[in-house]
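Structure below is upload.txt: compact mmCIF, C-alpha atoms.
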```txt
# COMPACT_ATOMS: atom_id res chain seq x y z
CA MET A 1 38.52 102.78 52.77
CA LYS A 2 39.73 105.37 55.31
CA ALA A 3 39.16 108.33 52.95
CA GLU A 4 35.63 107.15 52.07
CA LEU A 5 34.70 106.68 55.73
CA MET A 6 36.14 110.08 56.73
CA LYS A 7 34.02 111.68 54.01
CA LYS A 8 30.91 109.88 55.20
CA PHE A 9 31.61 110.92 58.81
CA ALA A 10 31.83 114.58 57.75
CA GLU A 11 28.51 114.27 55.86
CA TYR A 12 26.71 113.07 58.98
CA PHE A 13 28.58 114.77 61.82
CA GLY A 14 30.12 117.83 60.14
CA GLU A 15 33.74 118.74 59.42
CA GLY A 16 36.42 119.99 61.77
CA GLY A 17 38.07 118.85 64.97
CA ASP A 18 40.42 115.94 65.56
CA ILE A 19 38.78 113.11 63.58
CA ARG A 20 40.56 109.77 63.91
CA ALA A 21 40.17 106.42 62.13
CA TYR A 22 40.54 102.96 63.69
CA PHE A 23 40.10 99.27 62.87
CA ALA A 24 39.54 96.14 64.99
CA PRO A 25 39.37 92.68 63.38
CA GLY A 26 36.80 89.93 63.55
CA ARG A 27 37.97 86.48 64.60
CA VAL A 28 37.50 82.86 63.75
CA ASN A 29 38.25 79.98 66.10
CA LEU A 30 40.12 77.20 64.32
CA ILE A 31 39.46 74.61 67.04
CA GLY A 32 38.51 74.56 70.73
CA GLU A 33 34.79 75.37 70.83
CA HIS A 34 32.82 75.89 74.05
CA THR A 35 36.01 75.22 76.00
CA ASP A 36 36.71 78.83 76.96
CA TYR A 37 34.24 79.00 79.86
CA ASN A 38 35.27 75.49 80.90
CA GLY A 39 38.86 76.47 81.67
CA GLY A 40 40.24 74.84 78.54
CA HIS A 41 42.32 75.88 75.53
CA VAL A 42 41.15 77.70 72.42
CA PHE A 43 42.91 78.41 69.13
CA PRO A 44 41.46 81.51 67.46
CA CYS A 45 42.98 83.98 65.01
CA ALA A 46 42.13 87.55 64.05
CA LEU A 47 40.95 88.19 60.49
CA THR A 48 41.60 90.96 57.98
CA ILE A 49 37.84 91.72 57.98
CA GLY A 50 36.40 93.53 60.98
CA THR A 51 35.01 96.86 62.19
CA TYR A 52 36.13 100.35 61.19
CA GLY A 53 35.53 103.26 63.54
CA ILE A 54 35.73 107.00 62.90
CA ALA A 55 35.59 109.07 66.08
CA ARG A 56 35.83 112.63 67.33
CA LYS A 57 35.86 113.88 70.89
CA ARG A 58 33.11 116.31 71.93
CA GLU A 59 33.13 119.22 74.36
CA ASP A 60 29.96 118.00 76.14
CA ARG A 61 28.84 114.61 77.53
CA LYS A 62 26.72 113.73 74.52
CA LEU A 63 27.25 110.47 72.61
CA ARG A 64 26.21 110.30 68.96
CA PHE A 65 26.40 106.94 67.21
CA LEU A 66 25.98 105.94 63.59
CA SER A 67 26.46 102.53 61.98
CA LEU A 68 26.76 102.41 58.20
CA ASN A 69 25.51 98.80 58.47
CA PHE A 70 22.22 100.14 59.89
CA GLU A 71 22.26 103.47 58.08
CA LYS A 72 18.45 103.67 57.98
CA LEU A 73 18.47 104.07 61.77
CA GLY A 74 20.42 107.33 61.35
CA ILE A 75 22.27 108.97 64.23
CA LEU A 76 21.37 107.53 67.63
CA GLU A 77 21.91 109.93 70.52
CA SER A 78 22.73 109.13 74.10
CA SER A 79 24.86 110.53 76.90
CA LEU A 80 27.62 109.47 79.27
CA ASP A 81 25.00 109.99 82.00
CA GLU A 82 22.69 107.37 80.47
CA LEU A 83 24.92 104.31 80.30
CA LYS A 84 22.43 101.57 81.02
CA PRO A 85 21.32 98.59 78.92
CA ASP A 86 18.26 99.38 76.85
CA LYS A 87 16.59 97.04 74.34
CA GLU A 88 15.60 100.06 72.26
CA ALA A 89 19.27 101.11 71.96
CA GLY A 90 20.02 98.15 69.66
CA TRP A 91 23.63 97.86 68.52
CA THR A 92 24.74 100.93 70.54
CA ASN A 93 24.52 98.77 73.69
CA TYR A 94 27.93 97.35 72.70
CA PRO A 95 29.96 100.59 72.64
CA LYS A 96 27.94 101.97 75.57
CA GLY A 97 28.62 98.78 77.54
CA VAL A 98 32.38 99.28 77.11
CA MET A 99 32.16 102.93 78.21
CA TRP A 100 30.20 101.80 81.27
CA ALA A 101 32.77 99.04 81.96
CA PHE A 102 35.66 101.54 81.79
CA GLY A 103 33.84 103.60 84.44
CA GLN A 104 33.31 100.49 86.59
CA LYS A 105 37.04 99.82 86.43
CA GLY A 106 37.89 103.33 87.60
CA TYR A 107 38.49 105.04 84.24
CA GLU A 108 36.03 107.91 84.13
CA ILE A 109 35.38 109.11 80.59
CA PRO A 110 35.64 112.91 80.68
CA ALA A 111 33.84 113.83 77.44
CA GLY A 112 31.38 112.48 74.92
CA MET A 113 32.11 111.57 71.29
CA ASP A 114 30.73 111.21 67.79
CA LEU A 115 31.33 107.64 66.65
CA MET A 116 30.64 106.13 63.26
CA LEU A 117 31.14 102.39 62.64
CA PHE A 118 31.29 100.25 59.54
CA GLY A 119 31.76 96.49 59.74
CA ASN A 120 32.61 94.20 56.85
CA ILE A 121 32.06 91.11 59.02
CA PRO A 122 28.87 89.38 57.84
CA ASN A 123 26.17 90.34 60.34
CA GLY A 124 25.02 87.58 62.71
CA SER A 125 27.65 85.24 61.22
CA GLY A 126 29.34 84.27 64.45
CA LEU A 127 32.64 85.91 63.45
CA SER A 128 32.36 88.05 66.52
CA SER A 129 31.13 91.38 65.31
CA SER A 130 30.03 92.29 68.86
CA ALA A 131 33.45 91.54 70.37
CA SER A 132 35.07 93.44 67.49
CA VAL A 133 32.95 96.52 68.34
CA GLU A 134 33.82 96.13 72.05
CA VAL A 135 37.59 95.93 71.51
CA LEU A 136 37.41 98.76 68.97
CA THR A 137 35.54 100.99 71.45
CA GLY A 138 38.07 100.25 74.21
CA TYR A 139 40.96 100.96 71.82
CA ILE A 140 39.37 104.30 70.82
CA LEU A 141 38.81 105.29 74.48
CA ARG A 142 42.44 104.47 75.30
CA ASP A 143 43.72 106.48 72.34
CA MET A 144 41.41 109.42 72.84
CA PHE A 145 41.70 109.87 76.59
CA GLY A 146 45.17 108.41 77.25
CA PHE A 147 44.02 105.61 79.59
CA GLU A 148 46.87 103.34 80.62
CA VAL A 149 45.41 99.95 79.75
CA THR A 150 46.97 97.01 77.89
CA ASN A 151 45.43 95.09 75.01
CA THR A 152 44.73 92.23 77.45
CA ASP A 153 42.82 94.78 79.59
CA LEU A 154 40.83 95.77 76.50
CA ALA A 155 39.84 92.10 76.03
CA LEU A 156 38.84 91.66 79.68
CA THR A 157 36.87 94.93 79.69
CA GLY A 158 35.05 93.87 76.52
CA GLN A 159 34.14 90.53 78.08
CA PHE A 160 33.08 92.24 81.34
CA SER A 161 30.78 94.60 79.41
CA GLU A 162 29.23 91.75 77.41
CA ASN A 163 28.62 89.71 80.59
CA GLN A 164 27.45 92.49 82.91
CA PHE A 165 25.94 95.10 80.58
CA ASN A 166 24.60 93.00 77.70
CA GLY A 167 23.78 89.89 79.72
CA VAL A 168 25.62 87.39 77.51
CA ASN A 169 27.64 84.97 79.60
CA CYS A 170 30.48 84.71 77.04
CA GLY A 171 33.99 83.49 77.77
CA ILE A 172 37.16 85.51 77.08
CA MET A 173 38.14 84.01 73.73
CA ASP A 174 36.52 86.40 71.24
CA GLN A 175 37.74 89.62 72.78
CA PHE A 176 41.20 88.16 73.46
CA ALA A 177 41.67 86.92 69.88
CA ILE A 178 40.69 90.34 68.53
CA ALA A 179 42.74 92.45 70.96
CA MET A 180 45.85 90.25 70.68
CA GLY A 181 45.70 89.21 67.01
CA LYS A 182 48.91 88.74 65.01
CA ALA A 183 49.08 88.34 61.22
CA GLY A 184 49.88 84.81 60.07
CA HIS A 185 49.44 83.38 63.58
CA ALA A 186 46.69 81.88 65.70
CA ILE A 187 46.66 82.26 69.48
CA PHE A 188 46.98 79.14 71.61
CA LEU A 189 45.25 80.47 74.71
CA ASP A 190 44.79 78.71 78.04
CA THR A 191 41.56 80.32 79.24
CA SER A 192 42.12 79.17 82.83
CA ASP A 193 45.00 81.64 83.38
CA LEU A 194 45.20 83.67 80.11
CA SER A 195 48.67 82.33 79.32
CA TYR A 196 49.10 82.21 75.56
CA GLN A 197 51.51 81.47 72.73
CA TYR A 198 51.41 82.54 69.11
CA ALA A 199 51.57 79.61 66.69
CA PRO A 200 52.31 80.25 63.02
CA VAL A 201 49.56 78.98 60.72
CA GLU A 202 51.27 77.98 57.48
CA LEU A 203 48.68 76.60 55.10
CA LYS A 204 50.99 75.93 52.18
CA GLY A 205 48.80 75.82 49.09
CA ALA A 206 45.56 76.08 51.06
CA LYS A 207 43.33 78.77 52.56
CA LEU A 208 40.84 79.26 55.33
CA VAL A 209 37.36 79.44 53.85
CA ILE A 210 34.43 80.64 55.94
CA ALA A 211 30.94 79.58 54.98
CA CYS A 212 28.23 81.74 56.50
CA SER A 213 24.96 79.84 56.92
CA ASN A 214 22.91 83.07 56.88
CA LYS A 215 20.76 81.64 59.62
CA LYS A 216 20.53 84.52 62.04
CA ARG A 217 21.10 83.83 65.68
CA GLY A 218 21.37 86.12 68.68
CA LEU A 219 23.87 84.94 71.28
CA GLY A 220 21.89 86.18 74.25
CA ASP A 221 18.75 84.26 73.42
CA SER A 222 20.47 81.15 72.06
CA LYS A 223 21.01 78.06 74.17
CA TYR A 224 24.51 79.29 75.00
CA ASN A 225 23.73 80.12 78.62
CA GLU A 226 21.93 76.78 79.00
CA ARG A 227 25.01 74.81 77.82
CA ARG A 228 27.18 76.81 80.15
CA SER A 229 25.00 76.01 83.13
CA GLU A 230 24.90 72.28 82.21
CA CYS A 231 28.72 72.24 82.29
CA GLU A 232 28.82 74.13 85.59
CA THR A 233 26.47 71.57 87.18
CA ALA A 234 28.54 68.67 85.78
CA LEU A 235 31.68 70.29 87.20
CA GLU A 236 30.08 70.57 90.66
CA GLU A 237 29.16 66.87 90.51
CA ILE A 238 32.67 65.80 89.46
CA ARG A 239 34.22 67.95 92.20
CA ARG A 240 32.56 65.73 94.81
CA VAL A 241 34.94 62.96 93.73
CA LYS A 242 37.89 64.85 92.24
CA ASP A 243 39.63 68.05 93.31
CA ILE A 244 39.55 70.25 90.18
CA LYS A 245 38.72 73.87 89.43
CA SER A 246 37.55 73.39 85.85
CA LEU A 247 36.70 70.67 83.33
CA GLY A 248 39.72 71.81 81.30
CA GLU A 249 42.02 70.24 83.91
CA LEU A 250 40.88 66.70 83.08
CA SER A 251 42.48 64.34 80.57
CA GLU A 252 40.18 61.99 78.67
CA ALA A 253 41.18 59.09 80.95
CA GLU A 254 40.53 61.12 84.12
CA PHE A 255 37.11 62.12 82.81
CA GLU A 256 36.20 58.50 82.08
CA GLU A 257 37.20 57.56 85.64
CA CYS A 258 34.83 60.06 87.23
CA ARG A 259 32.02 60.43 84.66
CA ALA A 260 29.72 58.30 86.83
CA ALA A 261 29.63 61.21 89.31
CA VAL A 262 27.58 63.19 86.76
CA LYS A 263 23.99 62.18 87.44
CA ASP A 264 22.39 63.06 84.14
CA GLU A 265 23.21 61.55 80.72
CA VAL A 266 22.87 64.88 78.92
CA ARG A 267 25.31 66.55 81.33
CA VAL A 268 27.74 63.64 80.87
CA ARG A 269 27.83 64.37 77.12
CA ARG A 270 28.24 68.12 77.66
CA ALA A 271 31.17 67.60 80.04
CA LYS A 272 32.69 64.96 77.76
CA HIS A 273 32.75 67.45 74.90
CA ALA A 274 34.43 70.10 77.06
CA VAL A 275 37.18 67.66 78.13
CA TYR A 276 37.77 65.92 74.79
CA GLU A 277 37.64 69.17 72.79
CA ASN A 278 40.27 70.69 75.05
CA GLN A 279 42.60 67.73 74.46
CA ARG A 280 41.90 67.89 70.69
CA THR A 281 42.94 71.54 70.70
CA ILE A 282 46.23 70.78 72.44
CA ARG A 283 46.94 68.02 69.89
CA ALA A 284 45.92 70.23 66.96
CA VAL A 285 48.46 72.93 67.87
CA GLU A 286 51.11 70.23 68.23
CA ALA A 287 50.19 68.96 64.76
CA LEU A 288 50.62 72.45 63.28
CA ARG A 289 54.02 72.80 64.92
CA ASN A 290 55.00 69.50 63.25
CA ASN A 291 53.69 70.78 59.90
CA ASP A 292 51.07 68.01 59.96
CA ILE A 293 48.16 69.88 58.42
CA THR A 294 46.36 66.59 57.62
CA MET A 295 46.18 65.72 61.33
CA PHE A 296 45.00 69.27 62.09
CA GLY A 297 42.17 68.81 59.57
CA GLN A 298 41.20 65.45 61.04
CA LEU A 299 40.94 67.01 64.52
CA MET A 300 38.73 69.79 63.09
CA ASN A 301 36.40 67.10 61.71
CA GLU A 302 36.30 65.29 65.06
CA SER A 303 35.55 68.60 66.77
CA HIS A 304 32.46 69.08 64.60
CA VAL A 305 31.18 65.56 65.33
CA SER A 306 31.52 66.20 69.07
CA LEU A 307 29.75 69.58 68.79
CA ARG A 308 26.97 67.87 66.82
CA ASP A 309 26.49 64.74 68.92
CA ASP A 310 27.68 65.52 72.46
CA TYR A 311 27.17 69.27 72.73
CA GLU A 312 24.25 69.53 70.30
CA VAL A 313 24.89 73.07 69.11
CA THR A 314 25.18 72.58 65.33
CA GLY A 315 21.73 72.33 63.72
CA ILE A 316 20.82 71.34 60.16
CA GLU A 317 22.39 74.42 58.53
CA LEU A 318 25.89 73.96 59.94
CA ASP A 319 25.74 70.17 59.61
CA THR A 320 24.83 70.50 55.93
CA LEU A 321 27.72 72.88 55.24
CA VAL A 322 30.22 70.63 57.01
CA GLU A 323 28.96 67.29 55.67
CA GLU A 324 28.95 68.63 52.09
CA ALA A 325 32.47 70.03 52.63
CA TRP A 326 33.73 66.62 53.74
CA LYS A 327 32.68 65.18 50.35
CA ILE A 328 35.03 67.47 48.41
CA GLU A 329 38.51 66.28 47.63
CA GLY A 330 40.91 69.06 48.63
CA VAL A 331 39.09 69.85 51.88
CA ILE A 332 41.63 69.19 54.64
CA GLY A 333 39.19 69.79 57.50
CA SER A 334 35.85 71.48 58.20
CA ARG A 335 33.84 72.29 61.32
CA MET A 336 31.34 74.72 62.74
CA THR A 337 32.91 77.67 64.52
CA GLY A 338 31.49 80.06 67.11
CA ALA A 339 28.62 79.41 69.49
CA GLY A 340 26.60 77.36 66.99
CA PHE A 341 22.86 77.31 66.14
CA GLY A 342 23.64 79.15 62.92
CA GLY A 343 26.64 81.30 62.14
CA CYS A 344 29.58 79.86 60.24
CA THR A 345 31.80 76.95 59.41
CA VAL A 346 35.56 77.18 58.90
CA SER A 347 37.32 74.90 56.45
CA ILE A 348 40.90 74.47 55.29
CA VAL A 349 40.69 74.03 51.52
CA LYS A 350 43.45 73.46 48.97
CA ASP A 351 43.71 76.47 46.65
CA GLU A 352 42.78 74.53 43.52
CA ALA A 353 39.65 73.08 45.20
CA ILE A 354 38.20 76.41 46.43
CA PRO A 355 35.99 77.14 43.34
CA GLU A 356 34.55 73.59 43.41
CA PHE A 357 34.07 73.83 47.19
CA MET A 358 32.10 77.09 46.97
CA ASP A 359 30.07 75.85 44.01
CA LYS A 360 29.13 72.35 45.21
CA VAL A 361 28.66 73.09 48.90
CA GLY A 362 26.70 76.23 47.95
CA LYS A 363 24.36 74.33 45.60
CA ALA A 364 23.74 71.45 48.03
CA TYR A 365 23.08 73.91 50.86
CA LYS A 366 20.58 75.99 48.90
CA GLU A 367 18.76 72.85 47.73
CA LYS A 368 18.42 71.48 51.24
CA ILE A 369 17.96 74.67 53.32
CA GLY A 370 16.10 76.84 50.82
CA TYR A 371 18.36 79.91 50.87
CA ALA A 372 21.99 80.59 49.98
CA ALA A 373 25.14 80.50 52.09
CA ASP A 374 27.96 83.02 51.57
CA PHE A 375 31.62 82.06 51.24
CA TYR A 376 34.75 84.02 52.11
CA ALA A 377 38.37 83.02 51.65
CA VAL A 378 40.03 84.90 54.53
CA GLU A 379 43.49 85.92 55.69
CA ILE A 380 44.79 85.98 59.27
CA GLY A 381 45.38 89.57 60.38
CA ASP A 382 46.62 91.77 63.22
CA GLY A 383 44.81 93.16 66.28
CA PRO A 384 43.32 96.68 66.58
CA VAL A 385 45.12 99.62 64.89
CA THR A 386 44.88 103.36 64.35
CA LEU A 387 44.57 103.94 60.60
```
Show me this structure written as structure tokens.
Amino acid sequence: MKAELMKKFAEYFGEGGDIRAYFAPGRVNLIGEHTDYNGGHVFPCALTIGTYGIARKREDRKLRFLSLNFEKLGILESSLDELKPDKEAGWTNYPKGVMWAFGQKGYEIPAGMDLMLFGNIPNGSGLSSSASVEVLTGYILRDMFGFEVTNTDLALTGQFSENQFNGVNCGIMDQFAIAMGKAGHAIFLDTSDLSYQYAPVELKGAKLVIACSNKKRGLGDSKYNERRSECETALEEIRRVKDIKSLGELSEAEFEECRAAVKDEVRVRRAKHAVYENQRTIRAVEALRNNDITMFGQLMNESHVSLRDDYEVTGIELDTLVEEAWKIEGVIGSRMTGAGFGGCTVSIVKDEAIPEFMDKVGKAYKEKIGYAADFYAVEIGDGPVTL
């Protein structure tokens, strides 16, 4: 892969100079959805698919970008003096946002660069291609210009750029999972204080299978920000009767005691999901530690039901994929993953059942939705690397 990409870079940008190759993974969240901006726990892992970057420092302040995923667009030019969000700039708003964020945090970028990207994360799938590009860009800037920043800083800078530059009010999970990934492990992250533990994911005789609905969704214009604001309002209402900083601090019993403080039935359901999902995530990690993969699968299923009924972020595409998955013997657990409204599901499937799973779920989905889903059996990988 590296040799092919280096060759392609030279074709577009010319030979010579110090050309370097990098990789940052995508991520999937195993359980703990829409908890990260509610001060709860999440349990994501990095994947072995992600974004490759080939970069070379320039002598001037020019920025030249190329994505092999949007090759028809050709080279898009910009400059370190023009780091502002621009609808016309398309995908380059992600690397530019990170460069801007570095500057905001006191790390002035001294020179421009030629940057070519290639992602093998399905586009618009909800496996965090944008966060992958953000962490990759930060990693390249650190390597190229010797900035003293940690991988946690790379995650926070990526989140800051997505919030402030790209206007998506995302939590920290995606960038953190990508920057801090570890092969064979998922990250049990407390989003309220960024304390985390690695938990080995041993799926003896089973694999993670991602089903991509192929329904495109853009995070910024989805109902993501609306859900976030519903939870913030519910939190304010609960705080009138209970001294908490976030919904993630509540146990199920504590939530039930003060749910009457939330004055709107819809907001009650949103807050209930945030609280119950957080507790499910804590129990799921405990189940893994006890080698109880069946319990882990059951909690994944419960997570999907809550996202469907209380948080209402699934939609017919994701519900179809999950409900068809539940019918297959050998499926240990299945749920939507990511922000919802399209994107992907993640399932734990016994090795021998994977062909049947892809075949039957695929057929039922196409029949009902009218177009095909794509399936990927994936491995858990490391964080960003220089190739």
Rows by chain and residue number, stretch 200-306 of chain A within 12 Å of stretch 169-187 of chain A, shortest pair, all atoms listed in the file, as CSV:
```
residue,atom,partner,partner_atom,distance
A:Pro200,CA,A:His185,CA,4.3
A:Val201,CA,A:His185,CA,5.2
A:Glu202,CA,A:Gly184,CA,7.4
A:Leu203,CA,A:Gly184,CA,9.7
A:Lys204,CA,A:Gly184,CA,11.9
A:Lys207,CA,A:Gly184,CA,11.7
A:Leu208,CA,A:Gly184,CA,11.6
A:Leu219,CA,A:Cys170,CA,8.8
A:Gly220,CA,A:Asn169,CA,7.9
A:Asp221,CA,A:Asn169,CA,10.9
A:Ser222,CA,A:Asn169,CA,11.1
A:Lys223,CA,A:Asn169,CA,11.0
A:Tyr224,CA,A:Asn169,CA,8.0
A:Asn225,CA,A:Asn169,CA,6.3
A:Glu226,CA,A:Asn169,CA,10.0
A:Arg227,CA,A:Asn169,CA,10.6
A:Arg228,CA,A:Asn169,CA,8.2
A:Ser229,CA,A:Asn169,CA,10.0
A:Thr281,CA,A:Ile187,CA,11.4
A:Ile282,CA,A:Ile187,CA,11.9
A:Ala284,CA,A:Ala186,CA,11.7
A:Val285,CA,A:Ala186,CA,9.4
A:Leu288,CA,A:Ala186,CA,10.5
A:Arg289,CA,A:His185,CA,11.6
```
Checklist line | Given all atoms listed in the file as the counted atoms, nearest of A:Cys45, A:Thr150, A:Glu108, A:Ser161 to A:Asn93 | finding: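 Once distances to A:Asn93 are computed over all atoms listed in the file, the minimum belongs to A:Ser161.
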Notebook entry, point to check: Hey, what's within 8 Å of A:Arg64 if we count all atoms listed in the file and toss same-chain stuff fewer than 2 positions away? As a ChimeraX atom specification, please?
Noted result: /A:62,66,75-78,113-115
Next item on the list: Could you jot down the atom CA of A:Asn29 to atom CA of A:Asp310 separation for me, Å, one decimal place?
Entry: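 Distance between the two atoms: 19.0 Å.
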Item checked: Selected residue of minimal separation from A:Thr233 among A:Phe23, A:Asn38, A:Ser129, A:Gln104, counting only C-alpha atoms ->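 The answer is A:Asn38, which sits nearest to A:Thr233.
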Next item on the list: Work out how far atom CA of A:Tyr52 is from atom CA of A:Glu71, in Å to one decimal.
Entry: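 Separation between atom CA of A:Glu71 and atom CA of A:Tyr52: 14.6 Å.
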Note to self: I'd like to know which of A:Met300, A:Ile121, A:Leu68, A:Met116 is closest to A:Ile54, using all atoms listed in the file.
What the structure shows: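 For A:Ile54, the nearest of the given residues is A:Met116.
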Notebook entry, point to check: Which of these, A:Val98, A:Val331, A:Ile140, A:Cys212, has the shortest distance to A:Phe160 once you count all atoms listed in the file?
Noted result: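 Counting all atoms listed in the file, the residue closest to A:Phe160 is A:Val98.
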Notebook entry, point to check: When distances are computed from only C-alpha atoms, which of A:Ala325, A:Val42, A:Leu299, A:Ala24 shows the smallest separation from A:Asp382?
Noted result: A:Ala24
Next item on the list: Pick out the closest residue to A:Ile369 from this set: A:Glu148, A:Glu33, A:Glu317, A:Glu312. Count only C-alpha atoms.
Entry: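 Using only C-alpha atoms, the shortest distance to A:Ile369 belongs to A:Glu317.
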Item checked: Interatomic distance (Å, one decimal) between atom CA of A:Arg142 and atom CA of A:Thr191 ->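 Between atom CA of A:Arg142 and atom CA of A:Thr191 the gap works out to 24.5 Å.
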Margin query: Counting all atoms listed in the file, which residues have an atom no more than 9 Å from (32.7, 73.7, 63.0) in the file's coordinates? Please list them as a PyMOL selection string.
Written below: chain A and resi 29-31+33+300-301+303-305+307+314+318-319+322+334-338+340+344-347
Item checked: Exercise: stretch 357-361 of chain A partners within 12 Å, only C-alpha atoms, chain neighbours under 2 positions left out, as JSON, numbers by chain -> {"A": [207, 208, 209, 210, 211, 212, 213, 317, 318, 319, 320, 321, 322, 323, 324, 325, 326, 327, 328, 329, 330, 331, 332, 334, 345, 347, 348, 349, 350, 351, 352, 353, 354, 355, 363, 364, 365, 366, 367, 368, 369, 372, 373, 374, 375, 376, 377]}
Using C-alpha atoms, can you write the selected residues to a file as a PDB file, in the frame of the given file?
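Saved file selection32.pdb follows:
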```pdb
ATOM      1  CA  LYS A 207      43.330  78.770  52.560  1.00  0.00           C
ATOM      2  CA  LEU A 208      40.840  79.260  55.330  1.00  0.00           C
ATOM      3  CA  VAL A 209      37.360  79.440  53.850  1.00  0.00           C
ATOM      4  CA  ILE A 210      34.430  80.640  55.940  1.00  0.00           C
ATOM      5  CA  ALA A 211      30.940  79.580  54.980  1.00  0.00           C
ATOM      6  CA  CYS A 212      28.230  81.740  56.500  1.00  0.00           C
ATOM      7  CA  SER A 213      24.960  79.840  56.920  1.00  0.00           C
ATOM      8  CA  GLU A 317      22.390  74.420  58.530  1.00  0.00           C
ATOM      9  CA  LEU A 318      25.890  73.960  59.940  1.00  0.00           C
ATOM     10  CA  ASP A 319      25.740  70.170  59.610  1.00  0.00           C
ATOM     11  CA  THR A 320      24.830  70.500  55.930  1.00  0.00           C
ATOM     12  CA  LEU A 321      27.720  72.880  55.240  1.00  0.00           C
ATOM     13  CA  VAL A 322      30.220  70.630  57.010  1.00  0.00           C
ATOM     14  CA  GLU A 323      28.960  67.290  55.670  1.00  0.00           C
ATOM     15  CA  GLU A 324      28.950  68.630  52.090  1.00  0.00           C
ATOM     16  CA  ALA A 325      32.470  70.030  52.630  1.00  0.00           C
ATOM     17  CA  TRP A 326      33.730  66.620  53.740  1.00  0.00           C
ATOM     18  CA  LYS A 327      32.680  65.180  50.350  1.00  0.00           C
ATOM     19  CA  ILE A 328      35.030  67.470  48.410  1.00  0.00           C
ATOM     20  CA  GLU A 329      38.510  66.280  47.630  1.00  0.00           C
ATOM     21  CA  GLY A 330      40.910  69.060  48.630  1.00  0.00           C
ATOM     22  CA  VAL A 331      39.090  69.850  51.880  1.00  0.00           C
ATOM     23  CA  ILE A 332      41.630  69.190  54.640  1.00  0.00           C
ATOM     24  CA  SER A 334      35.850  71.480  58.200  1.00  0.00           C
ATOM     25  CA  THR A 345      31.800  76.950  59.410  1.00  0.00           C
ATOM     26  CA  SER A 347      37.320  74.900  56.450  1.00  0.00           C
ATOM     27  CA  ILE A 348      40.900  74.470  55.290  1.00  0.00           C
ATOM     28  CA  VAL A 349      40.690  74.030  51.520  1.00  0.00           C
ATOM     29  CA  LYS A 350      43.450  73.460  48.970  1.00  0.00           C
ATOM     30  CA  ASP A 351      43.710  76.470  46.650  1.00  0.00           C
ATOM     31  CA  GLU A 352      42.780  74.530  43.520  1.00  0.00           C
ATOM     32  CA  ALA A 353      39.650  73.080  45.200  1.00  0.00           C
ATOM     33  CA  ILE A 354      38.200  76.410  46.430  1.00  0.00           C
ATOM     34  CA  PRO A 355      35.990  77.140  43.340  1.00  0.00           C
ATOM     35  CA  LYS A 363      24.360  74.330  45.600  1.00  0.00           C
ATOM     36  CA  ALA A 364      23.740  71.450  48.030  1.00  0.00           C
ATOM     37  CA  TYR A 365      23.080  73.910  50.860  1.00  0.00           C
ATOM     38  CA  LYS A 366      20.580  75.990  48.900  1.00  0.00           C
ATOM     39  CA  GLU A 367      18.760  72.850  47.730  1.00  0.00           C
ATOM     40  CA  LYS A 368      18.420  71.480  51.240  1.00  0.00           C
ATOM     41  CA  ILE A 369      17.960  74.670  53.320  1.00  0.00           C
ATOM     42  CA  ALA A 372      21.990  80.590  49.980  1.00  0.00           C
ATOM     43  CA  ALA A 373      25.140  80.500  52.090  1.00  0.00           C
ATOM     44  CA  ASP A 374      27.960  83.020  51.570  1.00  0.00           C
ATOM     45  CA  PHE A 375      31.620  82.060  51.240  1.00  0.00           C
ATOM     46  CA  TYR A 376      34.750  84.020  52.110  1.00  0.00           C
ATOM     47  CA  ALA A 377      38.370  83.020  51.650  1.00  0.00           C
TER      48      ALA A 377
END
```
Next item on the list: Pull the neighbourhood of (37.3, 103.7, 81.5) for me: all residues within 12 Å in file coordinates, counting all atoms listed in the file, as a ChimeraX atom specification.
Entry: /A:80,95-111,137-149,153-154,157-158,161
Let's have the selection written as a compact mmCIF listing (two decimals), in the frame of the given file, with C-alpha atoms.
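Output saved as part.txt:
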```txt
# COMPACT_ATOMS: atom_id res chain seq x y z
CA LEU A 80 27.62 109.47 79.27
CA PRO A 95 29.96 100.59 72.64
CA LYS A 96 27.94 101.97 75.57
CA GLY A 97 28.62 98.78 77.54
CA VAL A 98 32.38 99.28 77.11
CA MET A 99 32.16 102.93 78.21
CA TRP A 100 30.20 101.80 81.27
CA ALA A 101 32.77 99.04 81.96
CA PHE A 102 35.66 101.54 81.79
CA GLY A 103 33.84 103.60 84.44
CA GLN A 104 33.31 100.49 86.59
CA LYS A 105 37.04 99.82 86.43
CA GLY A 106 37.89 103.33 87.60
CA TYR A 107 38.49 105.04 84.24
CA GLU A 108 36.03 107.91 84.13
CA ILE A 109 35.38 109.11 80.59
CA PRO A 110 35.64 112.91 80.68
CA ALA A 111 33.84 113.83 77.44
CA THR A 137 35.54 100.99 71.45
CA GLY A 138 38.07 100.25 74.21
CA TYR A 139 40.96 100.96 71.82
CA ILE A 140 39.37 104.30 70.82
CA LEU A 141 38.81 105.29 74.48
CA ARG A 142 42.44 104.47 75.30
CA ASP A 143 43.72 106.48 72.34
CA MET A 144 41.41 109.42 72.84
CA PHE A 145 41.70 109.87 76.59
CA GLY A 146 45.17 108.41 77.25
CA PHE A 147 44.02 105.61 79.59
CA GLU A 148 46.87 103.34 80.62
CA VAL A 149 45.41 99.95 79.75
CA ASP A 153 42.82 94.78 79.59
CA LEU A 154 40.83 95.77 76.50
CA THR A 157 36.87 94.93 79.69
CA GLY A 158 35.05 93.87 76.52
CA SER A 161 30.78 94.60 79.41
```
Would you list the contacts of A:Arg267 as a PDB file with C-alpha atoms, in the frame of the given file, taking every protein, DNA or RNA residue within 8 Å and counting all atoms listed in the file, but skipping same-chain residues closer than 6 positions in sequence?
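In the end it all went to around20.pdb:
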```pdb
ATOM      1  CA  GLU A 230      24.900  72.280  82.210  1.00  0.00           C
ATOM      2  CA  CYS A 231      28.720  72.240  82.290  1.00  0.00           C
ATOM      3  CA  THR A 233      26.470  71.570  87.180  1.00  0.00           C
ATOM      4  CA  ALA A 234      28.540  68.670  85.780  1.00  0.00           C
TER       5      ALA A 234
END
```
